[in-house]
Amino acid sequence: MAKKLPLVDYLVIDDGEPYLVANTCTHCGARYFDRRNACGKCGQTSFERSSLSSVGSVRAFTIVTRAAKGVPTPYVSAIVDLEGGGVVKANLIDVPPDPDKIVMGMPVRLKTFVAGTDDDGTEAVAFGYAPA
Amino acid sequence: MSDAVWILGASMTKFGRYPEKDVIDLATEAALSALGDGGVTMQDMDVLAVGNIGESSAMVAQRLQKQIGQTGIPAYNTANACATGATAVRIAYLSILAGEADMALVVGVEKMGKAGLLGAANKARSDRNEFTPSGRYGSIMGVEGILGTGLMPGVFAQAGMEYAHANSGVGFEQFAKVAEKNHSHSTLNPLAQYQKAFSLEEIMRSELIAYPNTLLMCCPTGDGAAGVVLVSDAKLKSLDPDQRRRAVKISASVLTSDPWTESAQVQPDVNTLTRQAADQAYEKAGVGPKDLDLVELHDCFATAELIHYDNLRLCEPGGAGAFIDERGPWRDGTTPVNVSGGLISKGHPLGATGVANLYEVATHLRGEAGDRQIEGAQVGLTHVIGLGSACAIHILERRAA
């Protein structure tokens with residue numbers, strides 16, 4: 001079986017069902033996906049990794065039809081509010097790129113897919129959100 | 001310490017494409033025009049601030065001085081995304097308030113050519129493709145188009161859709177109406193990059209870039225420059241009556257950055273810092289949104305303009321859709337917005353924009369805006385937002401008689 005790596009390090013794919021993790025400030029609870037120096041909300045420097053819900057709702061979307069070079073179109077970009085906290089950006093998948101078919105606030109669930117393969121055959125596993 | 005700062009001179013080049021000119025050519029044109037408009041020379045200036053993004057590490061202010069006057073004064077180079085020009089204005093403003101300068105020259109300039117889509121494009125990492133985590137997200141390949149979009153048309157589309165989700169009466173048609181208005185307004189502005197009106201149907205049917213933004217709802221890239229000469233209250237009193245008569249008061253100059261909000265790490269929050277800047281500016285100037293005779297706001301995309309009606313409190317809370325439906329922001333409406341044509345049609349040479357909107361409002365307050373004059377304009381507001389983010393608001397007032 002091909003070796004797999006997550007597209008980004010806040011996607012966990014080697015612990016059962018895939019899920020997202022956040023660097024969470026132990027002082028104020030602010031959640032971050034990136035490597036942190038300190039908390040942008042409160043300034044403290046202590047973080048713990050916490051898992052996020054894999055279900056949420058669509059807060060905003062756009063259908064991208066003219067994109068950066070090499071990016072296939074059309075695709076649906078969305079901002080998703082996760083149950084229990086956390087906001088994430090990803091593509092909506094398993095939905096037609098049609099504004100009449102995407103309902104604001106619609107429930108969605110995290111789903112992974114292979115986004116690319118490198119010269120060693122390692123697969124990049126990405127995530128998107130599909131209608132729940 | 002001076003208690004007021006005034007605009008003494010203002011200028012802008014026509015926005016457009018100038019393949020034969022470089023950044024210094026454009027900056028020179030704006031600088032000399034602004035100085036001439038104010039009836040002063042480079043030798044009168046105590047400070048120079050120049051806003052530019054494309055050559056921000058290449059001493060544009062000093063290169064400009066070498067063409068128009070090397071007088072040894074402090075020269076500042078600013079870059080603050082699309083708030084670059086306004087940030088340069090604010091540096092000059094603060095220099096005067098601090099008592100370091102009586103007069104200041106500000107130039108915003110940009111040469112973009114046909115730059116295409118701006119934002120987070122993917123970069124090739126190496127010839128051999130071997131997944132290696134890098135950067136603050138440990139990504140192993142470019143994420144644009146896989147984990148959503150970071151390109152400007154999509155980012156601002158999502159900002160508009162978020163507003164549409166939270167408020168009723170906002171949809172594709174309301175966003176398109178914003179572009180219909182700005183293209184129509186631009187036909188009266190000889191300095192606009194485009195001066196062509198489009199029907200609502202033409203706008204809605206033009207090429208889709210990032211729903212709901214179609215091509216005619218996105219600002220173009222382009223070249224251009226704008227300049228202002230600022231003067232202290234005390235110095236202004238010593239100038240000729242004609243210079244004093246045409247001077248425009250800066251009643252508020254505010255710059256904000258984005259406070260922490262939960263969603264902003266994935267979708268820039270262009271609302272909170274704009275609302276905070278607006279509230280500070282209104283308080284400082286002692287005027288309210290209802291007092292504004294015209295507003296030049298940051299319509300990089302039609303979706304952006306619509307949400308800023310609400311952020312700048314030009315409409316009832318949540319009522320941006322009704323505001324455009326009722327033609328409130330048209331030049332004959334309750335609060336004319338972007339009578340210059342806005343970024344959508346006047347153009348958006350990044351560094352020039354935050355100075356050009358001061359030129360526009362000042363020109364109306366002076367009663368010198370020709371065919372596009374808003375009659376009797378006394379108070380105006382300018383707004384820019386640079387993603388990342390920086391928001392600048394200036395409130396200008398016609399000189400009291």
# chains A, B, ... in the order shown; residues from 1 in each chain; ligands from 1

$ residues_around --residues "Phe33 (chain A)" --least-positions-apart "6" --cutoff "9 Å" --atoms "only C-alpha atoms" --output "PDB file with N, CA and C atoms, in the first residue's frame"
ATOM      1  N   ASP A   9      -0.362  19.556   8.437  1.00  0.00           N
ATOM      2  CA  ASP A   9      -0.134  18.809   9.673  1.00  0.00           C
ATOM      3  C   ASP A   9      -1.269  18.898  10.681  1.00  0.00           C
ATOM      4  N   TYR A  10      -2.304  19.689  10.370  1.00  0.00           N
ATOM      5  CA  TYR A  10      -3.445  19.709  11.293  1.00  0.00           C
ATOM      6  C   TYR A  10      -4.527  18.697  10.907  1.00  0.00           C
ATOM      7  N   LEU A  20      -9.373  16.720  12.383  1.00  0.00           N
ATOM      8  CA  LEU A  20      -8.480  17.884  12.454  1.00  0.00           C
ATOM      9  C   LEU A  20      -8.084  18.147  13.905  1.00  0.00           C
ATOM     10  N   VAL A  21      -6.892  18.702  14.058  1.00  0.00           N
ATOM     11  CA  VAL A  21      -6.448  19.120  15.385  1.00  0.00           C
ATOM     12  C   VAL A  21      -6.073  20.591  15.343  1.00  0.00           C
ATOM     13  N   ALA A  22      -6.178  21.227  16.496  1.00  0.00           N
ATOM     14  CA  ALA A  22      -5.807  22.641  16.599  1.00  0.00           C
ATOM     15  C   ALA A  22      -4.820  22.823  17.733  1.00  0.00           C
ATOM     16  N   ASN A  23      -3.914  23.770  17.581  1.00  0.00           N
ATOM     17  CA  ASN A  23      -3.084  24.213  18.698  1.00  0.00           C
ATOM     18  C   ASN A  23      -3.945  25.166  19.510  1.00  0.00           C
ATOM     19  N   THR A  24      -4.303  24.727  20.695  1.00  0.00           N
ATOM     20  CA  THR A  24      -5.270  25.472  21.489  1.00  0.00           C
ATOM     21  C   THR A  24      -4.581  26.137  22.675  1.00  0.00           C
ATOM     22  N   VAL A  88     -13.001  26.438   9.782  1.00  0.00           N
ATOM     23  CA  VAL A  88     -12.007  25.903   8.855  1.00  0.00           C
ATOM     24  C   VAL A  88     -12.379  26.258   7.421  1.00  0.00           C
TER      25      VAL A  88
ATOM     26  N   ARG B 136       4.328  26.948   8.192  1.00  0.00           N
ATOM     27  CA  ARG B 136       3.654  26.939   9.495  1.00  0.00           C
ATOM     28  C   ARG B 136       2.492  25.967   9.575  1.00  0.00           C
ATOM     29  N   TYR B 137       2.064  25.445   8.412  1.00  0.00           N
ATOM     30  CA  TYR B 137       0.975  24.459   8.422  1.00  0.00           C
ATOM     31  C   TYR B 137       1.502  23.066   8.077  1.00  0.00           C
ATOM     32  N   GLN B 265      -8.392  33.377  10.932  1.00  0.00           N
ATOM     33  CA  GLN B 265      -7.205  32.656  10.466  1.00  0.00           C
ATOM     34  C   GLN B 265      -7.472  31.921   9.157  1.00  0.00           C
TER      35      GLN B 265
END

$ interface_residues --of "chain A" --to "chain B" --cutoff "6 Å" --atoms "only C-alpha atoms" --output "number ranges by chain"
A: 7-9, 34-35, 41, 60-66, 68, 71, 77, 87, 89-91, 118-119

$ write_last_selection --atoms "N, CA and C atoms" --output "PDB file, in the first residue's frame"
ATOM      1  N   LEU A   7      -1.934  16.351   3.867  1.00  0.00           N
ATOM      2  CA  LEU A   7      -1.580  17.557   3.097  1.00  0.00           C
ATOM      3  C   LEU A   7      -1.057  18.652   4.020  1.00  0.00           C
ATOM      4  N   VAL A   8      -1.663  18.757   5.181  1.00  0.00           N
ATOM      5  CA  VAL A   8      -1.251  19.736   6.193  1.00  0.00           C
ATOM      6  C   VAL A   8      -1.169  19.023   7.528  1.00  0.00           C
ATOM      7  N   ASP A   9      -0.362  19.556   8.437  1.00  0.00           N
ATOM      8  CA  ASP A   9      -0.134  18.809   9.673  1.00  0.00           C
ATOM      9  C   ASP A   9      -1.269  18.898  10.681  1.00  0.00           C
ATOM     10  N   ASP A  34      -1.922  26.835  12.648  1.00  0.00           N
ATOM     11  CA  ASP A  34      -0.498  26.995  12.291  1.00  0.00           C
ATOM     12  C   ASP A  34       0.417  26.809  13.499  1.00  0.00           C
ATOM     13  N   ARG A  35       1.693  26.670  13.239  1.00  0.00           N
ATOM     14  CA  ARG A  35       2.707  26.647  14.297  1.00  0.00           C
ATOM     15  C   ARG A  35       2.675  27.995  15.001  1.00  0.00           C
ATOM     16  N   LYS A  41      -4.664  36.112  20.540  1.00  0.00           N
ATOM     17  CA  LYS A  41      -5.800  36.672  21.284  1.00  0.00           C
ATOM     18  C   LYS A  41      -5.368  37.191  22.651  1.00  0.00           C
ATOM     19  N   ALA A  60     -20.022  30.233   4.682  1.00  0.00           N
ATOM     20  CA  ALA A  60     -19.891  31.025   3.453  1.00  0.00           C
ATOM     21  C   ALA A  60     -19.260  30.141   2.397  1.00  0.00           C
ATOM     22  N   PHE A  61     -19.526  30.464   1.132  1.00  0.00           N
ATOM     23  CA  PHE A  61     -18.869  29.707   0.070  1.00  0.00           C
ATOM     24  C   PHE A  61     -18.673  30.607  -1.141  1.00  0.00           C
ATOM     25  N   THR A  62     -17.837  30.159  -2.047  1.00  0.00           N
ATOM     26  CA  THR A  62     -17.726  30.783  -3.362  1.00  0.00           C
ATOM     27  C   THR A  62     -17.442  29.678  -4.364  1.00  0.00           C
ATOM     28  N   ILE A  63     -17.855  29.914  -5.592  1.00  0.00           N
ATOM     29  CA  ILE A  63     -17.545  28.953  -6.649  1.00  0.00           C
ATOM     30  C   ILE A  63     -16.467  29.582  -7.518  1.00  0.00           C
ATOM     31  N   VAL A  64     -15.283  29.012  -7.467  1.00  0.00           N
ATOM     32  CA  VAL A  64     -14.153  29.597  -8.181  1.00  0.00           C
ATOM     33  C   VAL A  64     -14.125  29.071  -9.608  1.00  0.00           C
ATOM     34  N   THR A  65     -14.218  30.000 -10.562  1.00  0.00           N
ATOM     35  CA  THR A  65     -14.247  29.592 -11.964  1.00  0.00           C
ATOM     36  C   THR A  65     -13.039  30.121 -12.736  1.00  0.00           C
ATOM     37  N   ARG A  66     -12.341  31.116 -12.177  1.00  0.00           N
ATOM     38  CA  ARG A  66     -11.049  31.516 -12.749  1.00  0.00           C
ATOM     39  C   ARG A  66     -10.053  31.440 -11.588  1.00  0.00           C
ATOM     40  N   ALA A  68      -5.920  30.221  -9.886  1.00  0.00           N
ATOM     41  CA  ALA A  68      -4.475  30.282 -10.065  1.00  0.00           C
ATOM     42  C   ALA A  68      -4.060  29.238 -11.107  1.00  0.00           C
ATOM     43  N   VAL A  71      -4.593  25.169 -11.238  1.00  0.00           N
ATOM     44  CA  VAL A  71      -5.666  24.743 -10.344  1.00  0.00           C
ATOM     45  C   VAL A  71      -6.907  24.454 -11.181  1.00  0.00           C
ATOM     46  N   SER A  77     -15.147  26.638  -2.794  1.00  0.00           N
ATOM     47  CA  SER A  77     -14.409  26.935  -1.563  1.00  0.00           C
ATOM     48  C   SER A  77     -15.424  27.319  -0.501  1.00  0.00           C
ATOM     49  N   VAL A  87     -13.263  27.112  13.185  1.00  0.00           N
ATOM     50  CA  VAL A  87     -13.713  27.503  11.854  1.00  0.00           C
ATOM     51  C   VAL A  87     -12.620  27.092  10.885  1.00  0.00           C
ATOM     52  N   LYS A  89     -11.353  26.391   6.583  1.00  0.00           N
ATOM     53  CA  LYS A  89     -11.580  26.636   5.150  1.00  0.00           C
ATOM     54  C   LYS A  89     -11.162  25.400   4.379  1.00  0.00           C
ATOM     55  N   ALA A  90     -11.996  24.983   3.454  1.00  0.00           N
ATOM     56  CA  ALA A  90     -11.684  23.825   2.614  1.00  0.00           C
ATOM     57  C   ALA A  90     -12.631  23.842   1.424  1.00  0.00           C
ATOM     58  N   ASN A  91     -12.456  22.875   0.526  1.00  0.00           N
ATOM     59  CA  ASN A  91     -13.405  22.755  -0.576  1.00  0.00           C
ATOM     60  C   ASN A  91     -14.636  21.981  -0.128  1.00  0.00           C
ATOM     61  N   ASP A 118       3.676  11.953  -5.034  1.00  0.00           N
ATOM     62  CA  ASP A 118       5.017  12.443  -5.371  1.00  0.00           C
ATOM     63  C   ASP A 118       5.810  11.393  -6.153  1.00  0.00           C
ATOM     64  N   ASP A 119       7.077  11.668  -6.440  1.00  0.00           N
ATOM     65  CA  ASP A 119       7.873  10.784  -7.294  1.00  0.00           C
ATOM     66  C   ASP A 119       8.162   9.439  -6.634  1.00  0.00           C
TER      67      ASP A 119
END

$ residues_around --residues "Thr26 (chain A)" --least-positions-apart "5" --cutoff "12 Å" --atoms "only C-alpha atoms" --output "PDB file with N, CA, C and O atoms, in the first residue's frame"
ATOM      1  N   ARG A  31      -8.089  28.752  19.152  1.00  0.00           N
ATOM      2  CA  ARG A  31      -7.589  27.609  18.379  1.00  0.00           C
ATOM      3  C   ARG A  31      -6.860  28.087  17.123  1.00  0.00           C
ATOM      4  O   ARG A  31      -7.308  29.012  16.451  1.00  0.00           O
ATOM      5  N   TYR A  32      -5.768  27.410  16.831  1.00  0.00           N
ATOM      6  CA  TYR A  32      -4.962  27.782  15.657  1.00  0.00           C
ATOM      7  C   TYR A  32      -4.563  26.536  14.882  1.00  0.00           C
ATOM      8  O   TYR A  32      -4.282  25.495  15.464  1.00  0.00           O
ATOM      9  N   ALA A  38       3.048  32.546  19.936  1.00  0.00           N
ATOM     10  CA  ALA A  38       2.257  32.922  21.104  1.00  0.00           C
ATOM     11  C   ALA A  38       0.820  33.074  20.634  1.00  0.00           C
ATOM     12  O   ALA A  38       0.529  32.943  19.435  1.00  0.00           O
ATOM     13  N   CYS A  39      -0.060  33.350  21.560  1.00  0.00           N
ATOM     14  CA  CYS A  39      -1.481  33.454  21.224  1.00  0.00           C
ATOM     15  C   CYS A  39      -1.823  34.866  20.754  1.00  0.00           C
ATOM     16  O   CYS A  39      -1.557  35.838  21.460  1.00  0.00           O
ATOM     17  N   LYS A  41      -4.664  36.112  20.540  1.00  0.00           N
ATOM     18  CA  LYS A  41      -5.800  36.672  21.284  1.00  0.00           C
ATOM     19  C   LYS A  41      -5.368  37.191  22.651  1.00  0.00           C
ATOM     20  O   LYS A  41      -5.737  38.288  23.040  1.00  0.00           O
ATOM     21  N   CYS A  42      -4.563  36.380  23.373  1.00  0.00           N
ATOM     22  CA  CYS A  42      -4.246  36.779  24.755  1.00  0.00           C
ATOM     23  C   CYS A  42      -2.747  36.944  25.016  1.00  0.00           C
ATOM     24  O   CYS A  42      -2.361  37.440  26.072  1.00  0.00           O
ATOM     25  N   GLY A  43      -1.892  36.488  24.092  1.00  0.00           N
ATOM     26  CA  GLY A  43      -0.455  36.711  24.256  1.00  0.00           C
ATOM     27  C   GLY A  43       0.280  35.643  25.045  1.00  0.00           C
ATOM     28  O   GLY A  43       1.509  35.685  25.140  1.00  0.00           O
ATOM     29  N   GLN A  44      -0.453  34.683  25.602  1.00  0.00           N
ATOM     30  CA  GLN A  44       0.214  33.630  26.377  1.00  0.00           C
ATOM     31  C   GLN A  44       0.909  32.638  25.431  1.00  0.00           C
ATOM     32  O   GLN A  44       0.635  32.606  24.231  1.00  0.00           O
ATOM     33  N   THR A  45       1.789  31.798  25.989  1.00  0.00           N
ATOM     34  CA  THR A  45       2.637  30.975  25.108  1.00  0.00           C
ATOM     35  C   THR A  45       2.466  29.469  25.305  1.00  0.00           C
ATOM     36  O   THR A  45       3.252  28.683  24.804  1.00  0.00           O
ATOM     37  N   SER A  46       1.445  29.056  26.030  1.00  0.00           N
ATOM     38  CA  SER A  46       1.261  27.625  26.289  1.00  0.00           C
ATOM     39  C   SER A  46       0.093  27.073  25.463  1.00  0.00           C
ATOM     40  O   SER A  46      -1.013  27.621  25.496  1.00  0.00           O
ATOM     41  N   PHE A  47       0.368  26.002  24.710  1.00  0.00           N
ATOM     42  CA  PHE A  47      -0.655  25.428  23.828  1.00  0.00           C
ATOM     43  C   PHE A  47      -0.762  23.931  24.035  1.00  0.00           C
ATOM     44  O   PHE A  47       0.193  23.277  24.449  1.00  0.00           O
ATOM     45  N   GLU A  48      -1.944  23.389  23.756  1.00  0.00           N
ATOM     46  CA  GLU A  48      -2.115  21.931  23.719  1.00  0.00           C
ATOM     47  C   GLU A  48      -2.845  21.579  22.429  1.00  0.00           C
ATOM     48  O   GLU A  48      -3.626  22.371  21.914  1.00  0.00           O
ATOM     49  N   ARG A  49      -2.548  20.376  21.912  1.00  0.00           N
ATOM     50  CA  ARG A  49      -3.236  19.960  20.702  1.00  0.00           C
ATOM     51  C   ARG A  49      -4.582  19.366  21.084  1.00  0.00           C
ATOM     52  O   ARG A  49      -4.662  18.498  21.955  1.00  0.00           O
ATOM     53  N   SER A  50      -5.648  19.862  20.447  1.00  0.00           N
ATOM     54  CA  SER A  50      -6.972  19.325  20.749  1.00  0.00           C
ATOM     55  C   SER A  50      -7.671  18.971  19.442  1.00  0.00           C
ATOM     56  O   SER A  50      -7.456  19.618  18.408  1.00  0.00           O
TER      57      SER A  50
END

$ atom_distance --atom1 "CA of Ile93 (chain A)" --atom2 "CA of Leu306 (chain B)"
28.4 Å

$ residues_around --residues "region 52-54 of chain A" --least-positions-apart "3" --cutoff "7 Å" --atoms "only C-alpha atoms" --output "MDAnalysis selection string"
chainID A and resid 19:21 82:84 109:110

$ write_last_selection --atoms "C-alpha atoms" --output "compact mmCIF listing (two decimals), in the first residue's frame"
# COMPACT_ATOMS: atom_id res chain seq x y z
CA TYR A 19 -9.94 14.39 12.04
CA LEU A 20 -8.48 17.88 12.45
CA VAL A 21 -6.45 19.12 15.38
CA LEU A 82 -17.43 23.21 13.27
CA GLU A 83 -19.69 21.82 15.96
CA GLY A 84 -18.24 22.61 19.35
CA ARG A 109 -18.92 16.27 7.30
CA LEU A 110 -15.16 15.98 6.82

$ residues_around --residues "region 377-382 of chain B" --least-positions-apart "5" --cutoff "6 Å" --atoms "only C-alpha atoms" --output "list in words"
Leu292, Asp293, Leu294, Val295, Glu296, Leu297, Val361, Leu365, Ile393, His394, Ile395, Leu396, Glu397 and Arg398 of chain B

$ closest_residue --among "B:Ile324, B:Ala197, B:Val106, B:Val23" --to "Val89 (chain B)" --atoms "only C-alpha atoms"
B:Val106

$ closest_residue --among "B:Ala34, B:Ile7, B:Val50, B:Ala390" --to "Ala247 (chain B)" --atoms "only C-alpha atoms"
B:Ile7

$ select_by_dssp --residues "region 132-235 of chain B" --states "alpha helix (DSSP H)" --output "VMD selection string"
chain B and resid 152 to 166 172 to 186 200 to 205 233 to 235

$ residues_around --residues "region 176-183 of chain B" --least-positions-apart "2" --cutoff "6 Å" --atoms "only C-alpha atoms" --output "list in words"
Glu173, Gln174, His185, Ser186, Ala197, Leu200, Met217, Ala302, Gly341, Gly342 and Ser345 of chain B

$ closest_residue --among "B:Met103, B:Ala10, B:Ala192, B:Ile24" --to "Ala362 (chain B)" --atoms "only C-alpha atoms"
B:Ala10

$ atom_distance --atom1 "CA of Arg372 (chain B)" --atom2 "CA of Ser340 (chain B)"
7.7 Å

$ closest_residue --among "A:Gly116, A:Tyr129, A:Ala67, A:Ser51" --to "Leu11 (chain A)" --atoms "only C-alpha atoms"
A:Ser51

$ select_by_dssp --residues "chain A" --states "strand (DSSP E or B)" --output "VMD selection string"
chain A and resid 4 to 6 11 to 12 19 to 25 31 to 32 47 to 51 55 to 64 75 to 82 87 to 92 107 to 117 123 to 131

$ residues_around --residues "Val114 (chain A)" --least-positions-apart "5" --cutoff "8 Å" --atoms "only C-alpha atoms" --output "PyMOL selection string"
chain A and resi 123-126

$ atom_distance --atom1 "CA of Gly286 (chain B)" --atom2 "CA of Arg90 (chain B)"
19.1 Å

$ decode --residues "region 317-339 of chain B" --atoms "N, CA, C and O atoms" --output "PDB file, in the first residue's frame"
ATOM      1  N   PRO B 317     -28.557  48.574  10.336  1.00  0.00           N
ATOM      2  CA  PRO B 317     -27.847  47.314  10.566  1.00  0.00           C
ATOM      3  C   PRO B 317     -28.513  46.157   9.813  1.00  0.00           C
ATOM      4  O   PRO B 317     -29.725  45.974   9.918  1.00  0.00           O
ATOM      5  N   GLY B 318     -27.726  45.441   9.027  1.00  0.00           N
ATOM      6  CA  GLY B 318     -28.268  44.324   8.247  1.00  0.00           C
ATOM      7  C   GLY B 318     -28.974  44.756   6.980  1.00  0.00           C
ATOM      8  O   GLY B 318     -29.498  43.917   6.237  1.00  0.00           O
ATOM      9  N   GLY B 319     -29.000  46.051   6.709  1.00  0.00           N
ATOM     10  CA  GLY B 319     -29.827  46.568   5.619  1.00  0.00           C
ATOM     11  C   GLY B 319     -29.090  46.943   4.345  1.00  0.00           C
ATOM     12  O   GLY B 319     -29.598  47.739   3.545  1.00  0.00           O
ATOM     13  N   ALA B 320     -27.915  46.370   4.116  1.00  0.00           N
ATOM     14  CA  ALA B 320     -27.139  46.750   2.924  1.00  0.00           C
ATOM     15  C   ALA B 320     -27.859  46.395   1.628  1.00  0.00           C
ATOM     16  O   ALA B 320     -27.752  47.120   0.629  1.00  0.00           O
ATOM     17  N   GLY B 321     -28.599  45.285   1.641  1.00  0.00           N
ATOM     18  CA  GLY B 321     -29.341  44.878   0.434  1.00  0.00           C
ATOM     19  C   GLY B 321     -30.407  45.901   0.087  1.00  0.00           C
ATOM     20  O   GLY B 321     -30.542  46.334  -1.063  1.00  0.00           O
ATOM     21  N   ALA B 322     -31.174  46.309   1.100  1.00  0.00           N
ATOM     22  CA  ALA B 322     -32.221  47.305   0.874  1.00  0.00           C
ATOM     23  C   ALA B 322     -31.611  48.641   0.448  1.00  0.00           C
ATOM     24  O   ALA B 322     -32.162  49.347  -0.400  1.00  0.00           O
ATOM     25  N   PHE B 323     -30.463  48.975   1.015  1.00  0.00           N
ATOM     26  CA  PHE B 323     -29.805  50.249   0.704  1.00  0.00           C
ATOM     27  C   PHE B 323     -29.474  50.353  -0.786  1.00  0.00           C
ATOM     28  O   PHE B 323     -29.751  51.379  -1.420  1.00  0.00           O
ATOM     29  N   ILE B 324     -28.903  49.291  -1.350  1.00  0.00           N
ATOM     30  CA  ILE B 324     -28.593  49.341  -2.792  1.00  0.00           C
ATOM     31  C   ILE B 324     -29.871  49.205  -3.618  1.00  0.00           C
ATOM     32  O   ILE B 324     -30.013  49.863  -4.654  1.00  0.00           O
ATOM     33  N   ASP B 325     -30.826  48.382  -3.162  1.00  0.00           N
ATOM     34  CA  ASP B 325     -32.099  48.254  -3.897  1.00  0.00           C
ATOM     35  C   ASP B 325     -32.795  49.607  -4.010  1.00  0.00           C
ATOM     36  O   ASP B 325     -33.417  49.915  -5.023  1.00  0.00           O
ATOM     37  N   GLU B 326     -32.689  50.419  -2.948  1.00  0.00           N
ATOM     38  CA  GLU B 326     -33.354  51.728  -2.931  1.00  0.00           C
ATOM     39  C   GLU B 326     -32.472  52.831  -3.519  1.00  0.00           C
ATOM     40  O   GLU B 326     -32.786  54.010  -3.418  1.00  0.00           O
ATOM     41  N   ARG B 327     -31.342  52.451  -4.104  1.00  0.00           N
ATOM     42  CA  ARG B 327     -30.418  53.380  -4.773  1.00  0.00           C
ATOM     43  C   ARG B 327     -29.812  54.423  -3.823  1.00  0.00           C
ATOM     44  O   ARG B 327     -29.394  55.505  -4.265  1.00  0.00           O
ATOM     45  N   GLY B 328     -29.737  54.069  -2.544  1.00  0.00           N
ATOM     46  CA  GLY B 328     -29.160  54.988  -1.571  1.00  0.00           C
ATOM     47  C   GLY B 328     -27.743  55.431  -1.901  1.00  0.00           C
ATOM     48  O   GLY B 328     -27.391  56.605  -1.722  1.00  0.00           O
ATOM     49  N   PRO B 329     -26.865  54.510  -2.385  1.00  0.00           N
ATOM     50  CA  PRO B 329     -25.472  54.904  -2.651  1.00  0.00           C
ATOM     51  C   PRO B 329     -25.231  55.464  -4.060  1.00  0.00           C
ATOM     52  O   PRO B 329     -24.079  55.732  -4.414  1.00  0.00           O
ATOM     53  N   TRP B 330     -26.277  55.609  -4.872  1.00  0.00           N
ATOM     54  CA  TRP B 330     -26.091  56.254  -6.181  1.00  0.00           C
ATOM     55  C   TRP B 330     -25.825  57.749  -5.971  1.00  0.00           C
ATOM     56  O   TRP B 330     -26.109  58.294  -4.909  1.00  0.00           O
ATOM     57  N   ARG B 331     -25.291  58.397  -6.986  1.00  0.00           N
ATOM     58  CA  ARG B 331     -24.873  59.788  -6.816  1.00  0.00           C
ATOM     59  C   ARG B 331     -26.054  60.717  -6.495  1.00  0.00           C
ATOM     60  O   ARG B 331     -25.864  61.781  -5.918  1.00  0.00           O
ATOM     61  N   ASP B 332     -27.273  60.281  -6.835  1.00  0.00           N
ATOM     62  CA  ASP B 332     -28.440  61.086  -6.460  1.00  0.00           C
ATOM     63  C   ASP B 332     -29.191  60.470  -5.273  1.00  0.00           C
ATOM     64  O   ASP B 332     -30.328  60.840  -4.999  1.00  0.00           O
ATOM     65  N   GLY B 333     -28.518  59.546  -4.580  1.00  0.00           N
ATOM     66  CA  GLY B 333     -29.164  58.881  -3.443  1.00  0.00           C
ATOM     67  C   GLY B 333     -28.879  59.575  -2.123  1.00  0.00           C
ATOM     68  O   GLY B 333     -28.351  60.689  -2.087  1.00  0.00           O
ATOM     69  N   THR B 334     -29.208  58.886  -1.035  1.00  0.00           N
ATOM     70  CA  THR B 334     -29.087  59.500   0.289  1.00  0.00           C
ATOM     71  C   THR B 334     -27.632  59.709   0.700  1.00  0.00           C
ATOM     72  O   THR B 334     -27.290  60.699   1.334  1.00  0.00           O
ATOM     73  N   THR B 335     -26.759  58.739   0.383  1.00  0.00           N
ATOM     74  CA  THR B 335     -25.325  58.874   0.658  1.00  0.00           C
ATOM     75  C   THR B 335     -24.541  58.379  -0.552  1.00  0.00           C
ATOM     76  O   THR B 335     -24.316  57.171  -0.700  1.00  0.00           O
ATOM     77  N   PRO B 336     -24.150  59.286  -1.447  1.00  0.00           N
ATOM     78  CA  PRO B 336     -23.431  58.861  -2.648  1.00  0.00           C
ATOM     79  C   PRO B 336     -22.136  58.121  -2.296  1.00  0.00           C
ATOM     80  O   PRO B 336     -21.339  58.615  -1.487  1.00  0.00           O
ATOM     81  N   VAL B 337     -21.970  56.936  -2.871  1.00  0.00           N
ATOM     82  CA  VAL B 337     -20.783  56.129  -2.605  1.00  0.00           C
ATOM     83  C   VAL B 337     -20.037  55.877  -3.921  1.00  0.00           C
ATOM     84  O   VAL B 337     -20.624  55.433  -4.907  1.00  0.00           O
ATOM     85  N   ASN B 338     -18.753  56.156  -3.907  1.00  0.00           N
ATOM     86  CA  ASN B 338     -17.873  55.924  -5.052  1.00  0.00           C
ATOM     87  C   ASN B 338     -18.375  56.622  -6.326  1.00  0.00           C
ATOM     88  O   ASN B 338     -18.534  55.999  -7.372  1.00  0.00           O
ATOM     89  N   VAL B 339     -18.573  57.922  -6.199  1.00  0.00           N
ATOM     90  CA  VAL B 339     -18.979  58.700  -7.374  1.00  0.00           C
ATOM     91  C   VAL B 339     -17.822  58.823  -8.374  1.00  0.00           C
ATOM     92  O   VAL B 339     -18.014  59.227  -9.511  1.00  0.00           O
TER      93      VAL B 339
END
